[in-house]
file run_38.txt (compact mmCIF, C-alpha atoms)
# COMPACT_ATOMS: atom_id res chain seq x y z
CA ALA P 1 -1.31 32.98 -50.05
CA ALA P 2 -1.56 34.86 -53.31
CA LEU P 3 0.17 33.42 -56.32
CA SER P 4 2.66 35.61 -58.07
CA PRO P 5 4.13 34.98 -61.52
CA THR P 6 7.51 34.44 -59.88
CA SER P 7 6.22 31.78 -57.46
CA VAL P 8 4.32 29.97 -60.21
CA HIS P 9 7.38 30.06 -62.47
CA SER P 10 9.70 28.84 -59.68
CA SER P 11 7.28 26.09 -58.69
CA TYR P 12 6.98 24.86 -62.27
CA LEU P 13 10.71 25.20 -62.93
CA SER P 14 11.53 23.02 -59.92
CA ARG P 15 9.54 20.16 -61.52
CA LEU P 16 11.31 20.36 -64.89
CA SER P 17 14.00 17.95 -65.81
CA PRO P 18 16.84 19.32 -67.91
CA PRO P 19 17.38 17.77 -71.32
CA ALA P 20 19.62 14.70 -71.27
CA ALA P 21 21.57 16.02 -74.24
CA LEU P 22 21.93 19.30 -76.09
CA SER P 23 22.15 19.50 -79.85
CA PRO P 24 24.21 22.23 -81.52
CA THR P 25 20.91 23.86 -82.51
CA SER P 26 19.61 23.91 -78.94
CA VAL P 27 22.88 25.39 -77.65
CA GLN P 28 22.69 28.12 -80.30
CA LEU P 29 19.07 28.84 -79.36
CA PHE P 30 20.10 29.16 -75.71
CA ARG P 31 22.88 31.58 -76.68
CA ASP P 32 20.52 33.62 -78.88
CA CYS P 33 17.48 33.63 -76.60
CA PRO P 34 17.43 31.76 -73.26
CA GLN P 35 13.66 32.35 -72.96
CA ALA P 36 13.01 30.63 -76.31
CA PHE P 37 15.20 27.73 -75.17
CA LEU P 38 13.17 27.49 -71.95
CA PHE P 39 9.88 27.26 -73.82
CA ARG P 40 11.12 24.92 -76.57
CA TYR P 41 13.32 22.45 -74.67
CA LEU P 42 12.18 22.59 -71.05
CA TYR P 43 8.50 23.51 -71.24
CA LYS P 44 8.24 21.45 -74.46
CA VAL P 45 6.09 24.07 -76.20
CA PRO P 46 5.99 23.14 -79.90
CA PRO P 47 6.52 25.92 -82.42
CA LYS P 48 3.18 27.34 -83.50
CA SER P 49 4.16 28.75 -86.85
CA PRO P 50 4.09 26.51 -89.90
CA PRO P 51 7.18 26.34 -92.10
CA ASN P 52 7.60 28.72 -94.99
CA PRO P 53 9.13 27.53 -98.28
CA ALA P 54 12.69 28.43 -97.22
CA LEU P 55 12.40 26.59 -93.88
CA ALA P 56 10.76 23.62 -95.56
CA LYS P 57 13.57 23.47 -98.13
CA GLY P 58 16.20 23.51 -95.40
CA SER P 59 14.42 20.84 -93.36
CA VAL P 60 13.99 18.51 -96.34
CA VAL P 61 17.60 18.86 -97.51
CA HIS P 62 18.92 18.45 -93.95
CA SER P 63 16.88 15.27 -93.42
CA ALA P 64 17.99 13.84 -96.77
CA LEU P 65 21.66 14.53 -95.97
CA GLU P 66 21.25 12.89 -92.55
CA ARG P 67 19.81 9.82 -94.24
CA LEU P 68 22.65 9.87 -96.78
CA PHE P 69 25.23 9.70 -93.98
CA ASP P 70 23.29 6.87 -92.34
CA LEU P 71 24.18 4.71 -95.35
CA GLU P 72 26.88 2.29 -94.27
CA ARG P 73 28.58 1.97 -97.66
CA LYS P 74 30.37 5.16 -98.68
CA GLU P 75 29.95 4.14 -102.33
CA ASP P 76 26.17 4.60 -101.90
CA ARG P 77 26.61 8.27 -100.98
CA THR P 78 26.03 9.60 -104.48
CA GLU P 79 24.34 12.70 -105.83
CA GLU P 80 21.60 10.59 -107.43
CA VAL P 81 20.90 8.82 -104.13
CA VAL P 82 20.63 12.03 -102.10
CA LYS P 83 18.38 13.64 -104.74
CA ASN P 84 16.07 10.64 -104.47
CA LEU P 85 16.17 10.99 -100.67
CA VAL P 86 15.15 14.65 -101.07
CA ARG P 87 12.22 13.59 -103.24
CA GLN P 88 11.20 10.92 -100.69
CA GLU P 89 11.40 13.39 -97.80
CA TRP P 90 9.22 15.92 -99.61
CA ALA P 91 6.72 13.24 -100.69
CA GLY P 92 6.36 12.25 -97.04
CA LEU P 93 5.88 15.84 -95.83
CA ARG P 94 3.93 17.66 -98.53
CA ASN P 95 0.48 16.59 -97.29
CA THR P 96 1.18 16.83 -93.57
CA ALA P 97 -0.08 19.62 -91.33
CA GLY P 98 1.86 22.80 -91.83
CA TYR P 99 3.45 21.74 -95.09
CA SER P 100 0.14 21.14 -96.89
CA GLY P 101 -0.50 24.90 -96.97
CA LEU P 102 2.59 25.59 -99.06
CA PHE P 103 2.22 26.43 -102.76
CA ARG P 104 -1.53 27.11 -102.81
CA GLN P 105 -2.83 28.85 -105.93
CA GLY P 106 -4.13 32.39 -105.83
CA THR P 107 -2.26 33.51 -102.73
CA ASP P 108 0.45 36.09 -102.42
CA ASP P 109 3.13 35.72 -99.75
CA ALA P 110 1.05 37.34 -96.98
CA ASN P 111 -2.01 35.26 -97.85
CA THR P 112 0.13 32.12 -98.11
CA VAL P 113 1.43 32.58 -94.57
CA ARG P 114 -2.11 33.31 -93.31
CA ALA P 115 -3.49 30.22 -95.10
CA GLN P 116 -0.68 28.06 -93.71
CA MET P 117 -1.32 29.31 -90.19
CA GLU P 118 -5.07 28.70 -90.46
CA GLU P 119 -4.48 25.18 -91.79
CA TYR P 120 -1.93 24.46 -89.04
CA VAL P 121 -4.21 25.76 -86.28
CA ARG P 122 -7.23 23.94 -87.74
CA ILE P 123 -5.44 20.58 -87.64
CA HIS P 124 -3.30 20.89 -84.49
CA ARG P 125 -4.58 20.80 -80.96
CA ASP P 126 -2.98 22.90 -78.24
CA ASP P 127 -1.04 19.85 -77.03
CA GLY P 128 0.69 19.45 -80.40
CA THR P 129 -1.26 16.39 -81.54
CA GLU P 130 -3.27 16.35 -84.73
CA THR P 131 -7.04 16.27 -84.82
CA GLU P 132 -9.43 14.99 -87.42
CA THR P 133 -11.29 17.71 -89.27
CA ASP P 134 -15.06 17.50 -89.48
CA GLY P 135 -15.19 18.45 -93.16
CA SER P 136 -17.18 21.61 -92.48
CA SER P 137 -14.38 23.94 -93.52
CA PRO P 138 -13.90 24.61 -97.24
CA PRO P 139 -11.15 22.66 -98.97
CA PRO P 140 -7.90 24.51 -99.44
CA PRO P 141 -7.20 26.04 -102.85
CA PRO P 142 -5.36 23.77 -105.30
CA ARG P 143 -1.59 23.67 -105.29
CA ASP P 144 0.46 25.80 -107.65
CA LEU P 145 2.40 22.86 -109.08
CA ASP P 146 4.67 25.10 -111.15
CA ALA P 147 5.74 26.97 -108.00
CA GLU P 148 6.24 23.66 -106.18
CA ARG P 149 8.35 22.27 -109.06
CA SER P 150 10.46 25.43 -109.15
CA TRP P 151 10.96 25.20 -105.38
CA GLY P 152 11.90 21.51 -105.73
CA ALA P 153 14.41 22.37 -108.46
CA GLY P 154 15.93 24.83 -105.97
CA MET P 155 16.37 21.98 -103.48
CA LEU P 156 18.10 19.85 -106.07
CA ALA P 157 20.36 22.82 -106.93
CA LEU P 158 21.39 22.92 -103.25
CA ILE P 159 22.44 19.28 -103.59
CA ASP P 160 24.41 20.14 -106.76
CA ASN P 161 26.20 22.89 -104.82
CA TYR P 162 26.93 20.53 -101.93
CA PHE P 163 28.48 17.94 -104.25
CA ALA P 164 30.51 20.67 -105.98
CA LEU P 165 32.06 21.46 -102.59
CA GLU P 166 32.61 17.97 -101.22
CA ASP P 167 32.18 14.32 -102.02
CA PRO P 168 30.43 12.56 -99.12
CA ALA P 169 31.77 9.21 -100.35
CA ALA P 170 35.29 10.50 -99.69
CA LEU P 171 34.53 11.52 -96.10
CA SER P 172 35.62 9.14 -93.39
CA LEU P 173 32.70 9.99 -91.12
CA ASP P 174 31.16 7.63 -88.67
CA PRO P 175 27.43 8.10 -89.37
CA VAL P 176 26.61 7.81 -85.68
CA ARG P 177 28.90 10.75 -84.96
CA ARG P 178 27.64 13.02 -87.74
CA GLU P 179 26.28 15.34 -85.06
CA VAL P 180 27.96 15.74 -81.73
CA TRP P 181 25.70 16.00 -78.70
CA VAL P 182 26.77 17.53 -75.43
CA ARG P 183 25.90 15.66 -72.25
CA SER P 184 26.36 17.06 -68.78
CA ASP P 185 24.71 17.08 -65.38
CA LEU P 186 23.14 20.49 -64.97
CA ALA P 187 22.14 22.02 -61.66
CA VAL P 188 18.79 23.80 -61.85
CA ASP P 189 18.39 26.77 -59.53
CA ALA P 190 14.67 26.97 -58.75
CA GLY P 191 15.07 30.18 -56.73

call {"tool": "encode", "arguments": {"input": "run_38.txt", "output": "structure tokens"}}
result
Amino acid sequence: AALSPTSVHSSYLSRLSPPAALSPTSVQLFRDCPQAFLFRYLYKVPPKSPPNPALAKGSVVHSALERLFDLERKEDRTEEVVKNLVRQEWAGLRNTAGYSGLFRQGTDDANTVRAQMEEYVRIHRDDGTETETDGSSPPPPPRDLDAERSWGAGMLALIDNYFALEDPAALSLDPVRREVWVRSDLAVDAG
């Protein structure tokens, strides 16, 4: 029997297990583009594009705020603490695949994206794991530290804006419940 795209898709879909929980982000992705949800959360296809400075800034600040709300003592949820968490997050990411291509000297925006993509593809295998490089490719251009500092100052300004709007020490949040996850048994129609 000849294989058709529909039969291959149905056969594969029948072997997928639905996610145990859905984050608000995954629900929004499903609402915006069900096909993207399918690839990201069911087929487990990692995103291929490296982050740009705006996405990196959002990811770093989001992670730092999550860590801030993990602190048990509300008194520890200060602006100074979260700014240090932002610095720690960025220090841990800046030399990792994808992020290491940000802020390279001598590249305009188009070349920056191209350099990031080449670096990301060079380091990542198709299965999403990282691979050792053999050293045969030329080293990346040096970082533009002034651009990186300016970008970092922008992250800290986001924290200033957040604290101008609310005081996380005054919030009576349970850190475990800072994000609500939806759990449900879902029926998967393979036909």

call {"tool": "closest_residue", "arguments": {"input": "run_38.txt", "among": "P:Ala20, P:Ala170, P:Leu156, P:Leu93", "to": "Pro51 in chain P", "atoms": "all atoms listed in the file"}}
result
P:Leu93

call {"tool": "axis_aligned_box", "arguments": {"input": "run_38.txt", "around": "range 20-34 of chain P", "padding_each_side": "6 Å", "output": "lines of an AutoDock Vina configuration file"}}
result
center_x = 20.8
center_y = 24.2
center_z = -76.9
size_x = 18.8
size_y = 30.9
size_z = 23.2

call {"tool": "atom_distance", "arguments": {"input": "run_38.txt", "atom1": "CA of Gln88 in chain P", "atom2": "CA of Lys44 in chain P"}}
result
28.4 Å

call {"tool": "atom_distance", "arguments": {"input": "run_38.txt", "atom1": "CA of Ala64 in chain P", "atom2": "CA of Leu145 in chain P"}}
result
21.8 Å

call {"tool": "closest_residue", "arguments": {"input": "run_38.txt", "among": "P:Leu171, P:Pro24, P:Phe163, P:Arg104", "to": "Asp146 in chain P", "atoms": "all atoms listed in the file"}}
result
P:Arg104

call {"tool": "atom_distance", "arguments": {"input": "run_38.txt", "atom1": "CA of Glu79 in chain P", "atom2": "CA of Leu65 in chain P"}}
result
10.4 Å

call {"tool": "residues_around", "arguments": {"input": "run_38.txt", "residues": "range 80-86 of chain P", "least_positions_apart": "4", "cutoff": "10 Å", "atoms": "all atoms listed in the file", "output": "PyMOL selection string"}}
result
chain P and resi 57+59-69+76+90-92+152+155-160

call {"tool": "write_last_selection", "arguments": {"input": "run_38.txt", "atoms": "C-alpha atoms", "output": "mmCIF file, in the coordinates of the input"}}
result
data_model
loop_
_atom_site.group_PDB
_atom_site.id
_atom_site.type_symbol
_atom_site.label_atom_id
_atom_site.label_comp_id
_atom_site.auth_asym_id
_atom_site.auth_seq_id
_atom_site.Cartn_x
_atom_site.Cartn_y
_atom_site.Cartn_z
ATOM 1 C CA LYS P 57 13.570 23.470 -98.130
ATOM 2 C CA SER P 59 14.420 20.840 -93.360
ATOM 3 C CA VAL P 60 13.990 18.510 -96.340
ATOM 4 C CA VAL P 61 17.600 18.860 -97.510
ATOM 5 C CA HIS P 62 18.920 18.450 -93.950
ATOM 6 C CA SER P 63 16.880 15.270 -93.420
ATOM 7 C CA ALA P 64 17.990 13.840 -96.770
ATOM 8 C CA LEU P 65 21.660 14.530 -95.970
ATOM 9 C CA GLU P 66 21.250 12.890 -92.550
ATOM 10 C CA ARG P 67 19.810 9.820 -94.240
ATOM 11 C CA LEU P 68 22.650 9.870 -96.780
ATOM 12 C CA PHE P 69 25.230 9.700 -93.980
ATOM 13 C CA ASP P 76 26.170 4.600 -101.900
ATOM 14 C CA TRP P 90 9.220 15.920 -99.610
ATOM 15 C CA ALA P 91 6.720 13.240 -100.690
ATOM 16 C CA GLY P 92 6.360 12.250 -97.040
ATOM 17 C CA GLY P 152 11.900 21.510 -105.730
ATOM 18 C CA MET P 155 16.370 21.980 -103.480
ATOM 19 C CA LEU P 156 18.100 19.850 -106.070
ATOM 20 C CA ALA P 157 20.360 22.820 -106.930
ATOM 21 C CA LEU P 158 21.390 22.920 -103.250
ATOM 22 C CA ILE P 159 22.440 19.280 -103.590
ATOM 23 C CA ASP P 160 24.410 20.140 -106.760
#
